[in-house]
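Enquirer: Structure supplied as entry.cif; contents: mmCIF, C-alpha atoms.
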```
data_coords
loop_
_atom_site.label_atom_id
_atom_site.label_comp_id
_atom_site.auth_asym_id
_atom_site.auth_seq_id
_atom_site.Cartn_x
_atom_site.Cartn_y
_atom_site.Cartn_z
CA MET A 177 20.60 29.11 43.83
CA ARG A 178 24.15 29.30 45.08
CA LYS A 179 23.90 25.71 46.30
CA LEU A 180 22.66 24.67 42.90
CA ASN A 181 25.53 26.50 41.21
CA ASN A 182 28.07 24.90 43.50
CA GLY A 183 26.61 21.48 42.89
CA THR A 184 26.45 22.00 39.15
CA SER A 185 30.03 23.27 39.07
CA PHE A 186 31.18 20.23 41.03
CA VAL A 187 29.39 17.81 38.68
CA CYS A 188 30.79 19.64 35.63
CA ALA A 189 34.30 19.51 37.10
CA VAL A 190 34.03 15.78 37.77
CA VAL A 191 32.70 15.07 34.27
CA LEU A 192 35.42 17.22 32.70
CA ALA A 193 38.15 15.53 34.76
CA ALA A 194 36.82 12.08 33.91
CA SER A 195 36.69 12.88 30.21
CA LEU A 196 40.17 14.41 30.14
CA TYR A 197 41.82 11.71 32.26
CA PRO A 198 42.24 9.03 29.53
CA ALA A 199 43.63 11.56 27.02
CA LEU A 200 46.11 12.99 29.52
CA THR A 201 47.33 9.62 30.75
CA THR A 202 47.70 8.31 27.19
CA ALA A 203 49.71 11.39 26.22
CA ALA A 204 51.91 11.01 29.32
CA ILE A 205 52.58 7.35 28.59
CA ALA A 206 53.41 8.10 24.96
CA GLN A 207 55.83 10.85 26.03
CA ALA A 208 57.52 8.62 28.59
CA ALA A 209 58.02 5.74 26.17
CA PRO A 210 58.08 7.11 22.61
CA GLU A 211 59.45 3.92 21.11
CA SER A 212 56.40 1.98 22.25
CA SER A 213 54.08 4.37 20.46
CA VAL A 214 55.18 3.22 17.00
CA ALA A 215 52.06 2.06 15.26
CA ARG A 216 51.85 -1.45 13.94
CA PRO A 217 48.91 -3.23 12.40
CA VAL A 218 46.62 -4.98 14.82
CA THR A 219 46.36 -8.67 14.11
CA GLU A 220 43.65 -11.14 14.98
CA GLY A 221 46.06 -12.63 17.48
CA ASP A 222 46.26 -9.29 19.27
CA ILE A 223 42.50 -9.12 19.54
CA ALA A 224 42.26 -12.68 20.80
CA ALA A 225 45.05 -12.04 23.31
CA LYS A 226 43.36 -8.85 24.46
CA LYS A 227 40.07 -10.64 24.88
CA SER A 228 41.58 -13.36 27.00
CA ALA A 229 44.01 -11.12 28.87
CA PRO A 230 43.64 -11.23 32.64
CA GLY A 231 42.41 -8.05 34.25
CA ARG A 232 40.22 -7.14 31.30
CA PHE A 233 37.20 -7.26 33.56
CA VAL A 234 35.48 -10.20 31.96
CA GLY A 235 32.11 -11.17 33.39
CA MET A 236 32.08 -13.71 36.18
CA ASP A 237 29.79 -15.75 33.95
CA GLN A 238 32.60 -16.14 31.41
CA SER A 239 35.42 -16.60 33.89
CA VAL A 240 33.63 -19.16 36.06
CA ASN A 241 30.41 -20.61 34.66
CA VAL A 242 31.31 -20.96 30.99
CA ASP A 243 34.87 -22.14 31.60
CA LEU A 244 33.78 -24.82 34.06
CA ALA A 245 30.96 -25.90 31.76
CA GLU A 246 33.33 -26.23 28.80
CA LYS A 247 35.70 -28.40 30.80
CA ALA A 248 32.79 -30.55 31.93
CA GLY A 249 31.70 -31.13 28.33
CA ALA A 250 28.58 -28.96 28.52
CA PRO A 251 29.70 -25.82 26.71
CA ALA A 252 27.47 -22.79 26.60
CA ARG A 253 25.61 -22.44 23.34
CA GLU A 254 25.29 -19.26 21.35
CA PRO A 255 22.09 -17.45 22.35
CA TYR A 256 19.08 -18.01 20.10
CA ILE A 257 19.01 -14.28 19.42
CA ASN A 258 22.66 -13.25 19.43
CA VAL A 259 22.43 -9.48 19.48
CA GLU A 260 26.17 -9.18 20.08
CA LYS A 261 26.62 -10.03 16.39
CA TRP A 262 24.56 -7.06 15.30
CA GLY A 263 27.41 -4.61 15.64
CA ASP A 264 26.32 -1.13 16.53
CA LEU A 265 22.69 -2.17 16.82
CA TRP A 266 23.79 -3.96 19.97
CA ASN A 267 24.90 -0.58 21.34
CA LEU A 268 21.57 0.90 20.31
CA LEU A 269 19.72 -1.79 22.26
CA LEU A 270 21.86 -1.14 25.32
CA LEU A 271 21.22 2.57 25.07
CA LEU A 272 17.49 2.06 24.61
CA GLY A 273 17.30 -0.38 27.52
CA GLY A 274 19.23 1.91 29.85
CA GLY A 275 17.27 4.92 28.66
CA ALA A 276 13.88 3.27 29.11
CA CYS A 277 14.77 2.05 32.61
CA GLY A 278 16.17 5.46 33.48
CA PHE A 279 13.05 7.20 32.27
CA VAL A 280 10.73 4.97 34.30
CA ILE A 281 12.86 5.20 37.45
CA GLY A 282 13.31 8.97 37.11
CA ARG A 283 9.66 9.58 36.29
CA TYR A 284 8.32 7.73 39.34
CA TRP A 285 11.25 8.27 41.70
CA ASP A 286 9.27 10.66 43.85
CA HIS A 287 6.62 8.03 44.62
CA ILE A 288 9.04 6.59 47.20
CA TRP A 289 12.11 8.77 47.39
CA GLY A 290 10.70 12.16 46.44
CA ARG A 291 10.40 15.22 48.61
CA ARG A 292 8.16 15.08 51.58
CA ARG A 293 4.73 16.44 50.72
CA ALA A 294 2.70 18.95 52.68
CA ALA A 295 0.27 17.39 55.15
CA MET B 74 6.20 18.26 57.59
CA THR B 75 8.36 20.42 55.41
CA ILE B 76 6.56 22.37 52.74
CA THR B 77 8.75 23.25 49.81
CA SER B 78 7.76 26.42 48.04
CA ALA B 79 10.31 26.15 45.22
CA LYS B 80 8.88 25.19 41.85
CA ARG B 81 9.68 21.58 41.08
CA PRO B 82 10.99 20.50 37.70
CA PRO B 83 8.42 18.58 35.64
CA LYS B 84 8.44 14.83 36.15
CA TRP B 85 9.15 14.09 32.52
CA LEU B 86 12.34 16.12 32.84
CA SER B 87 13.46 14.03 35.83
CA GLY B 88 12.73 10.95 33.78
CA CYS B 89 14.71 12.22 30.80
CA LEU B 90 17.69 13.15 32.97
CA ALA B 91 17.73 9.74 34.65
CA ALA B 92 17.35 8.10 31.25
CA ALA B 93 20.35 10.00 29.92
CA LEU B 94 22.42 8.94 32.94
CA LEU B 95 21.51 5.27 32.72
CA MET B 96 22.23 5.25 28.98
CA LEU B 97 25.88 5.65 29.95
CA ALA B 98 25.97 2.04 31.15
CA PRO B 99 28.52 0.56 28.75
CA ALA B 100 27.66 -3.12 28.51
CA PRO B 101 25.67 -5.71 30.43
CA ALA B 102 27.27 -7.79 33.17
CA PHE B 103 27.25 -11.55 32.87
CA ALA B 104 27.44 -13.02 36.31
CA MET B 105 24.88 -15.19 38.05
CA HIS B 106 22.93 -15.64 34.81
CA ILE B 107 23.56 -19.16 33.61
CA ALA B 108 24.18 -19.06 29.86
CA GLU B 109 22.21 -20.90 27.22
CA GLY B 110 23.23 -24.51 26.74
CA ILE B 111 24.87 -25.18 30.11
CA ILE B 112 21.70 -26.82 31.41
CA THR B 113 20.30 -29.43 29.06
CA GLY B 114 17.74 -32.22 28.99
CA TRP B 115 14.92 -32.72 31.46
CA PRO B 116 16.25 -30.16 34.00
CA VAL B 117 15.47 -27.44 31.44
CA LEU B 118 11.84 -28.57 31.43
CA ALA B 119 11.73 -28.80 35.22
CA TYR B 120 13.24 -25.36 35.76
CA THR B 121 11.02 -23.81 33.08
CA LEU B 122 7.88 -25.32 34.63
CA ALA B 123 8.98 -24.07 38.05
CA GLY B 124 9.62 -20.64 36.53
CA MET B 125 6.18 -20.60 34.95
CA GLY B 126 4.67 -21.49 38.32
CA LEU B 127 6.52 -18.57 39.88
CA MET B 128 5.23 -16.30 37.12
CA ALA B 129 1.66 -17.42 37.85
CA ILE B 130 2.15 -16.67 41.56
CA GLY B 131 3.74 -13.35 40.64
CA THR B 132 0.89 -12.39 38.34
CA GLN B 133 -1.58 -13.00 41.16
CA GLY B 134 0.62 -10.86 43.38
CA ILE B 135 0.59 -8.01 40.86
CA LYS B 136 -3.20 -8.23 40.52
CA LYS B 137 -3.53 -8.06 44.31
CA PHE B 138 -1.15 -5.11 44.46
CA HIS B 139 -3.21 -3.27 41.84
CA ARG B 140 -6.38 -4.00 43.78
CA ASP B 141 -4.97 -3.01 47.18
CA PHE B 142 -2.88 0.00 46.16
CA PRO B 143 -4.36 1.46 42.95
CA GLU B 144 -2.59 4.79 43.44
CA ARG B 145 0.79 3.03 43.83
CA ARG B 146 0.66 1.19 40.50
CA PRO B 147 3.59 3.10 38.98
CA LEU B 148 5.80 1.41 41.57
CA ILE B 149 5.36 -1.86 39.68
CA GLY B 150 6.96 -0.33 36.59
CA MET B 151 9.68 1.23 38.66
CA GLY B 152 10.39 -2.10 40.39
CA ALA B 153 10.70 -3.84 37.02
CA ALA B 154 13.05 -1.14 35.76
CA ILE B 155 15.19 -1.40 38.90
CA ILE B 156 15.55 -5.18 38.59
CA PHE B 157 16.15 -5.06 34.85
CA PHE B 158 18.80 -2.39 35.07
CA ILE B 159 20.57 -3.40 38.29
CA SER B 160 20.93 -6.99 37.12
CA LEU B 161 22.68 -5.72 33.97
CA ILE B 162 25.17 -3.31 35.55
CA PRO B 163 28.73 -4.61 35.24
CA VAL B 164 30.43 -3.75 38.51
CA PRO B 165 34.20 -4.32 38.39
CA ALA B 166 35.74 -6.14 41.31
CA PHE B 167 39.33 -6.29 42.55
CA THR B 168 39.78 -9.68 40.93
CA GLY B 169 39.66 -8.38 37.35
CA THR B 170 36.17 -9.71 36.73
CA THR B 171 32.79 -8.02 36.78
CA SER B 172 29.55 -9.05 38.33
CA HIS B 173 26.27 -7.39 39.15
CA PRO B 174 24.04 -6.77 42.15
CA CYS B 175 20.53 -8.25 42.14
CA GLY B 176 18.02 -5.51 42.96
CA THR B 177 15.43 -8.14 43.85
CA PRO B 178 15.84 -7.79 47.65
CA LEU B 179 15.03 -4.07 47.54
CA VAL B 180 12.05 -4.54 45.23
CA ALA B 181 10.79 -7.49 47.32
CA ILE B 182 10.95 -5.40 50.50
CA LEU B 183 9.05 -2.56 48.82
CA LEU B 184 6.50 -4.46 46.75
CA GLY B 185 6.50 -7.97 48.22
CA PRO B 186 8.21 -11.17 47.06
CA ARG B 187 5.32 -12.39 44.90
CA VAL B 188 5.30 -9.25 42.77
CA THR B 189 9.07 -9.53 42.51
CA PHE B 190 8.84 -13.07 41.05
CA ALA B 191 6.86 -11.78 38.07
CA LEU B 192 8.98 -8.67 37.57
CA THR B 193 12.16 -10.76 37.66
CA GLY B 194 10.71 -13.27 35.19
CA ILE B 195 9.85 -10.50 32.72
CA SER B 196 13.26 -8.88 33.15
CA LEU B 197 15.09 -12.17 32.56
CA LEU B 198 12.99 -12.87 29.49
CA LEU B 199 13.82 -9.46 28.00
CA GLN B 200 17.50 -9.88 28.88
CA ALA B 201 17.58 -13.28 27.16
CA ALA B 202 15.78 -11.94 24.09
CA PHE B 203 17.52 -8.62 23.50
CA PHE B 204 20.76 -8.62 25.50
CA ALA B 205 22.20 -12.13 24.97
CA HIS B 206 22.13 -12.35 28.75
CA GLY B 207 21.13 -15.65 30.32
CA GLY B 208 19.04 -17.74 27.95
CA PHE B 209 15.60 -19.11 27.22
CA GLY B 210 16.62 -22.62 28.26
CA THR B 211 18.07 -21.36 31.53
CA TRP B 212 15.34 -18.78 32.19
CA GLY B 213 13.63 -20.94 34.83
CA ALA B 214 16.89 -21.68 36.65
CA ASN B 215 17.87 -18.01 36.66
CA LEU B 216 14.41 -17.03 37.84
CA ILE B 217 14.65 -19.46 40.75
CA ALA B 218 18.03 -18.04 41.81
CA LEU B 219 17.40 -14.33 41.26
CA GLY B 220 13.64 -14.13 41.70
CA LEU B 221 12.64 -16.81 44.18
CA PHE B 222 15.65 -16.93 46.48
CA GLY B 223 16.93 -13.36 46.01
CA ALA B 224 13.52 -11.89 46.74
CA THR B 225 12.33 -14.30 49.43
CA VAL B 226 15.55 -14.42 51.42
CA GLY B 227 16.05 -10.65 51.19
CA TRP B 228 12.45 -9.98 52.23
CA SER B 229 12.64 -12.53 55.07
CA ALA B 230 15.91 -11.09 56.41
CA PHE B 231 14.38 -7.61 56.39
CA TRP B 232 11.28 -8.74 58.26
CA ILE B 233 13.23 -10.78 60.82
CA ALA B 234 15.45 -7.77 61.51
CA ARG B 235 12.38 -5.58 61.71
CA ARG B 236 10.70 -7.93 64.21
CA LEU B 237 13.86 -7.75 66.29
CA GLY B 238 13.32 -4.00 66.49
CA LEU B 239 16.40 -3.06 64.49
CA PRO B 240 16.44 0.31 62.71
CA ILE B 241 15.21 0.36 59.13
CA MET B 242 18.73 1.01 57.85
CA VAL B 243 20.05 -2.15 59.52
CA ALA B 244 17.04 -4.20 58.46
CA GLY B 245 17.44 -3.00 54.88
CA CYS B 246 21.14 -3.83 54.94
CA ALA B 247 20.34 -7.34 56.17
CA GLY B 248 17.81 -7.77 53.36
CA GLY B 249 20.23 -6.58 50.68
CA LEU B 250 23.14 -8.67 51.92
CA PHE B 251 21.33 -11.94 52.47
CA GLY B 252 19.27 -11.58 49.29
CA ASP B 253 22.38 -11.08 47.19
CA ILE B 254 24.29 -13.92 48.82
CA ALA B 255 21.30 -16.27 48.52
CA THR B 256 21.01 -15.53 44.80
CA TYR B 257 24.61 -16.50 44.12
CA ALA B 258 24.51 -19.43 46.54
CA VAL B 259 21.53 -20.93 44.73
CA SER B 260 23.00 -20.10 41.35
CA GLY B 261 26.10 -22.05 42.43
CA VAL B 262 23.99 -25.03 43.49
CA ILE B 263 22.12 -25.06 40.16
CA LEU B 264 25.39 -24.81 38.23
CA ALA B 265 27.09 -27.50 40.32
CA THR B 266 24.13 -29.81 39.78
CA ALA B 267 24.28 -29.23 36.01
CA LEU B 268 28.05 -29.69 35.82
CA SER B 269 28.21 -32.80 37.98
CA SER B 270 25.75 -34.48 35.61
CA ALA B 271 27.48 -33.16 32.45
CA PRO B 272 29.05 -35.60 29.92
CA HIS B 273 32.59 -35.26 31.35
CA PRO B 274 32.37 -33.99 34.92
CA GLN B 275 35.71 -33.17 36.51
CA TYR B 276 34.48 -33.28 40.09
CA ASP B 277 31.54 -34.49 42.12
CA PHE B 278 28.72 -32.15 43.17
CA ALA B 279 30.26 -31.07 46.49
CA THR B 280 33.64 -30.30 44.95
CA TYR B 281 32.03 -28.39 42.08
CA LEU B 282 30.06 -26.38 44.63
CA ALA B 283 33.21 -25.57 46.60
CA VAL B 284 35.06 -24.58 43.41
CA ILE B 285 32.21 -22.35 42.25
CA TYR B 286 31.79 -20.66 45.63
CA ALA B 287 35.54 -20.11 45.89
CA ALA B 288 35.50 -18.51 42.45
CA TYR B 289 32.39 -16.40 43.12
CA ALA B 290 33.37 -15.14 46.57
CA PRO B 291 36.18 -12.65 45.81
CA THR B 292 34.09 -10.88 43.18
CA GLN B 293 30.66 -11.16 44.69
CA ILE B 294 31.28 -10.42 48.37
CA PRO B 295 32.31 -6.77 47.76
CA ILE B 296 29.31 -6.36 45.45
CA ALA B 297 27.01 -7.93 48.06
CA ILE B 298 28.34 -5.43 50.61
CA GLY B 299 27.60 -2.63 48.14
CA GLU B 300 24.07 -3.94 47.60
CA MET B 301 23.66 -4.19 51.37
CA LEU B 302 24.52 -0.52 51.83
CA ILE B 303 22.43 0.69 48.90
CA THR B 304 19.36 -1.27 50.05
CA GLY B 305 19.68 0.05 53.61
CA LEU B 306 20.23 3.63 52.48
CA ALA B 307 17.37 3.48 49.98
CA LEU B 308 14.93 2.33 52.65
CA ARG B 309 16.20 4.84 55.18
CA HIS B 310 15.85 7.62 52.64
CA ALA B 311 12.35 6.44 51.71
CA LEU B 312 11.34 6.46 55.36
CA HIS B 313 12.72 9.94 55.78
CA GLN B 314 11.12 11.33 52.63
CA ARG B 315 7.85 9.45 52.28
CA PRO B 316 6.97 7.60 55.52
CA GLU B 317 3.30 7.47 54.52
CA VAL B 318 4.15 5.35 51.47
CA LEU B 319 6.05 2.80 53.55
CA GLU B 320 3.16 2.73 55.99
CA ASP B 321 0.64 2.23 53.16
CA LEU B 322 2.71 -0.62 51.77
CA ASN B 323 2.87 -2.17 55.26
CA ILE B 324 6.64 -1.92 55.40
CA TRP B 325 6.97 0.39 58.34
CA ARG B 326 3.74 0.07 60.34
CA SER B 327 4.18 -0.47 64.09
CA TYR B 328 7.87 0.02 63.70
CA ALA B 329 8.96 1.87 66.79
CA LYS B 330 12.60 2.72 66.16
CA ALA B 331 13.49 3.98 62.72
#
```
Kindly transcribe the structure held in the file into structure tokens.
Expert:
Amino acid sequence: MRKLNNGTSFVCAVVLAASLYPALTTAAIAQAAPESSVARPVTEGDIAAKKSAPGRFVGMDQSVNVDLAEKAGAPAREPYINVEKWGDLWNLLLLLGGGACGFVIGRYWDHIWGRRRAA
Amino acid sequence: MTITSAKRPPKWLSGCLAAALLMLAPAPAFAMHIAEGIITGWPVLAYTLAGMGLMAIGTQGIKKFHRDFPERRPLIGMGAAIIFFISLIPVPAFTGTTSHPCGTPLVAILLGPRVTFALTGISLLLQAAFFAHGGFGTWGANLIALGLFGATVGWSAFWIARRLGLPIMVAGCAGGLFGDIATYAVSGVILATALSSAPHPQYDFATYLAVIYAAYAPTQIPIAIGEMLITGLALRHALHQRPEVLEDLNIWRSYAKA
């Protein structure tokens, strides 16, 4: 029980730290440079620049495959079912996919990686 | 054998907890999956036919697995979920891009390469349909890279290491590493072939291949090392927890040093 409590406390502490980290760092940055925190309207150019900014962790598919294909005159086409255009439904699909996979893996985990059974 | 007297949580609860954790995955990774439209013309037909052939072989493999191991049937679903989810996880690399592991080497070692072909085909189809990931026209090409080569090379590396008498951890690591690298190597070959025959190719096939490999390597090598470790640890843990399952599935039989 004590082990479980320790483990649970550790997980809770990690989750709490991870959830507080962005808020704390943002507040610290804003305090250090107050002039940069003046709000201004976001333009389409900002969004485009943000999307193409290096270090934004774009997929290797985009940064290698699609770019090379465009330069070679064989650009990637929009998918036949472009779920990215569905707004928040896209998030719902991601959640459902992850949840379904998680349920199946968690439900049958013990068939290979579960506790050793009595002989 | 250790007998645990503590009451276990119900299985549905484990499933729900894992589901909640995996729902935190923010967005799919686009990496080895070749996007819709990059491959055109007759190669689409050729790759799709090859993919359908692999699916037929895989279906036979699943039927055989059901016949031989009726009590292990849930592993098929778990294998499909592993491939589907692992090949969507965006793993950030030092280079500012993301990529994903494959999952097919681990599933191929556990369930066999033939079963893995079919599970990969279904996963790729669902990803193309509902996640804008890959494409229907490139489904066959992606299945060849991820399913055929990822599974077969990973499985072969594991068995070669096993025949050499290496511990299961090392053999699993070899399977994970070579399976991952083979997937991206073949994906690069398919892409280089498509680009060198595109309307305005910038390079010849060999140069395209070198460019693609040079671009893939910094992102994918750390991820391949991660997949190597996870595959090895997963098999080692399975052997420690449920050796009878690995023996039933003919993964561990006559294996002297674990």
Enquirer: Which one is closest to Ser269 in chain B: A:Leu268, A:Ala276, A:Leu244, A:Val234? Count all atoms listed in the file.
Expert: A:Leu244
Enquirer: Would you work out the distance separating CA of Leu219 in chain B from CA of Leu127 in chain B, expressed in Å to one decimal?
Expert: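 Between these atoms lies a distance of 11.8 Å.
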Enquirer: Per residue of chain A within 9 Å of chain B, note the shortest atom pair and the distance in Å to one decimal, counting all atoms listed in the file, and order the rows by chain and increasing residue number, as JSON lines.
Expert:
```
{"residue": "A:Pro230", "atom": "CA", "partner": "B:Gly169", "partner_atom": "CA", "distance": 6.8}
{"residue": "A:Gly231", "atom": "CA", "partner": "B:Gly169", "partner_atom": "CA", "distance": 4.2}
{"residue": "A:Arg232", "atom": "CA", "partner": "B:Gly169", "partner_atom": "CA", "distance": 6.2}
{"residue": "A:Phe233", "atom": "CA", "partner": "B:Thr170", "partner_atom": "CA", "distance": 4.1}
{"residue": "A:Val234", "atom": "CA", "partner": "B:Thr170", "partner_atom": "CA", "distance": 4.8}
{"residue": "A:Gly235", "atom": "CA", "partner": "B:Thr171", "partner_atom": "CA", "distance": 4.7}
{"residue": "A:Met236", "atom": "CA", "partner": "B:Ala104", "partner_atom": "CA", "distance": 4.7}
{"residue": "A:Asp237", "atom": "CA", "partner": "B:Ala104", "partner_atom": "CA", "distance": 4.3}
{"residue": "A:Gln238", "atom": "CA", "partner": "B:Phe103", "partner_atom": "CA", "distance": 7.2}
{"residue": "A:Ser239", "atom": "CA", "partner": "B:Thr170", "partner_atom": "CA", "distance": 7.5}
{"residue": "A:Val240", "atom": "CA", "partner": "B:Ala288", "partner_atom": "CA", "distance": 6.7}
{"residue": "A:Asn241", "atom": "CA", "partner": "B:Ile107", "partner_atom": "CA", "distance": 7.1}
{"residue": "A:Val242", "atom": "CA", "partner": "B:Ala108", "partner_atom": "CA", "distance": 7.5}
{"residue": "A:Leu244", "atom": "CA", "partner": "B:Leu268", "partner_atom": "CA", "distance": 7.7}
{"residue": "A:Ala245", "atom": "CA", "partner": "B:Leu268", "partner_atom": "CA", "distance": 6.3}
{"residue": "A:Glu246", "atom": "CA", "partner": "B:Ile111", "partner_atom": "CA", "distance": 8.6}
{"residue": "A:Lys247", "atom": "CA", "partner": "B:Gln275", "partner_atom": "CA", "distance": 7.4}
{"residue": "A:Ala248", "atom": "CA", "partner": "B:Pro274", "partner_atom": "CA", "distance": 4.6}
{"residue": "A:Gly249", "atom": "CA", "partner": "B:His273", "partner_atom": "CA", "distance": 5.2}
{"residue": "A:Ala250", "atom": "CA", "partner": "B:Ile111", "partner_atom": "CA", "distance": 5.5}
{"residue": "A:Pro251", "atom": "CA", "partner": "B:Ile111", "partner_atom": "CA", "distance": 5.9}
{"residue": "A:Ala252", "atom": "CA", "partner": "B:Gly110", "partner_atom": "CA", "distance": 4.6}
{"residue": "A:Arg253", "atom": "CA", "partner": "B:Gly110", "partner_atom": "CA", "distance": 4.6}
{"residue": "A:Glu254", "atom": "CA", "partner": "B:Glu109", "partner_atom": "CA", "distance": 6.8}
{"residue": "A:Pro255", "atom": "CA", "partner": "B:Ala205", "partner_atom": "CA", "distance": 5.9}
{"residue": "A:Tyr256", "atom": "CA", "partner": "B:Gly208", "partner_atom": "CA", "distance": 7.9}
{"residue": "A:Ile257", "atom": "CA", "partner": "B:Ala202", "partner_atom": "CA", "distance": 6.1}
{"residue": "A:Asn258", "atom": "CA", "partner": "B:Ala205", "partner_atom": "CA", "distance": 5.7}
{"residue": "A:Val259", "atom": "CA", "partner": "B:Ala205", "partner_atom": "CA", "distance": 6.1}
{"residue": "A:Glu260", "atom": "CA", "partner": "B:Ala205", "partner_atom": "CA", "distance": 7.0}
{"residue": "A:Trp266", "atom": "CA", "partner": "B:Phe204", "partner_atom": "CA", "distance": 7.8}
{"residue": "A:Asn267", "atom": "CA", "partner": "B:Ala100", "partner_atom": "CA", "distance": 8.1}
{"residue": "A:Leu269", "atom": "CA", "partner": "B:Phe203", "partner_atom": "CA", "distance": 7.3}
{"residue": "A:Leu270", "atom": "CA", "partner": "B:Ala100", "partner_atom": "CA", "distance": 6.9}
{"residue": "A:Leu271", "atom": "CA", "partner": "B:Met96", "partner_atom": "CA", "distance": 4.8}
{"residue": "A:Leu272", "atom": "CA", "partner": "B:Met96", "partner_atom": "CA", "distance": 7.2}
{"residue": "A:Gly273", "atom": "CA", "partner": "B:Met96", "partner_atom": "CA", "distance": 7.6}
{"residue": "A:Gly274", "atom": "CA", "partner": "B:Met96", "partner_atom": "CA", "distance": 4.6}
{"residue": "A:Gly275", "atom": "CA", "partner": "B:Ala92", "partner_atom": "CA", "distance": 4.1}
{"residue": "A:Ala276", "atom": "CA", "partner": "B:Ala92", "partner_atom": "CA", "distance": 6.3}
{"residue": "A:Cys277", "atom": "CA", "partner": "B:Ala154", "partner_atom": "CA", "distance": 4.8}
{"residue": "A:Gly278", "atom": "CA", "partner": "B:Ala92", "partner_atom": "CA", "distance": 3.7}
{"residue": "A:Phe279", "atom": "CA", "partner": "B:Gly88", "partner_atom": "CA", "distance": 4.1}
{"residue": "A:Val280", "atom": "CA", "partner": "B:Met151", "partner_atom": "CA", "distance": 5.8}
{"residue": "A:Ile281", "atom": "CA", "partner": "B:Met151", "partner_atom": "CA", "distance": 5.2}
{"residue": "A:Gly282", "atom": "CA", "partner": "B:Gly88", "partner_atom": "CA", "distance": 3.9}
{"residue": "A:Arg283", "atom": "CA", "partner": "B:Gly88", "partner_atom": "CA", "distance": 4.2}
{"residue": "A:Tyr284", "atom": "CA", "partner": "B:Pro147", "partner_atom": "CA", "distance": 6.6}
{"residue": "A:Trp285", "atom": "CA", "partner": "B:Met151", "partner_atom": "CA", "distance": 7.8}
{"residue": "A:Asp286", "atom": "CA", "partner": "B:Arg315", "partner_atom": "CA", "distance": 8.6}
{"residue": "A:His287", "atom": "CA", "partner": "B:Leu148", "partner_atom": "CA", "distance": 7.3}
{"residue": "A:Ile288", "atom": "CA", "partner": "B:Ala311", "partner_atom": "CA", "distance": 5.6}
{"residue": "A:Trp289", "atom": "CA", "partner": "B:Ala311", "partner_atom": "CA", "distance": 4.9}
{"residue": "A:Gly290", "atom": "CA", "partner": "B:Gln314", "partner_atom": "CA", "distance": 6.3}
{"residue": "A:Arg291", "atom": "CA", "partner": "B:Gln314", "partner_atom": "CA", "distance": 5.6}
{"residue": "A:Arg292", "atom": "CA", "partner": "B:Gln314", "partner_atom": "CA", "distance": 4.9}
{"residue": "A:Arg293", "atom": "CA", "partner": "B:Ile76", "partner_atom": "CA", "distance": 6.5}
{"residue": "A:Ala294", "atom": "CA", "partner": "B:Ile76", "partner_atom": "CA", "distance": 5.2}
{"residue": "A:Ala295", "atom": "CA", "partner": "B:Met74", "partner_atom": "CA", "distance": 6.5}
```
Enquirer: Just give me the gap between CA of Asp277 in chain B and CA of Trp212 in chain B in Å, one decimal is fine.
Expert: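 Distance reported for this atom pair: 24.7 Å.
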Enquirer: List as a ChimeraX atom specification the protein and nucleic acid residues near range 114-119 of chain B, meaning an atom at most 7 Å away when only C-alpha atoms are counted, but skip any in the same chain fewer than 3 places from it.
Expert: /B:122-123,210-211
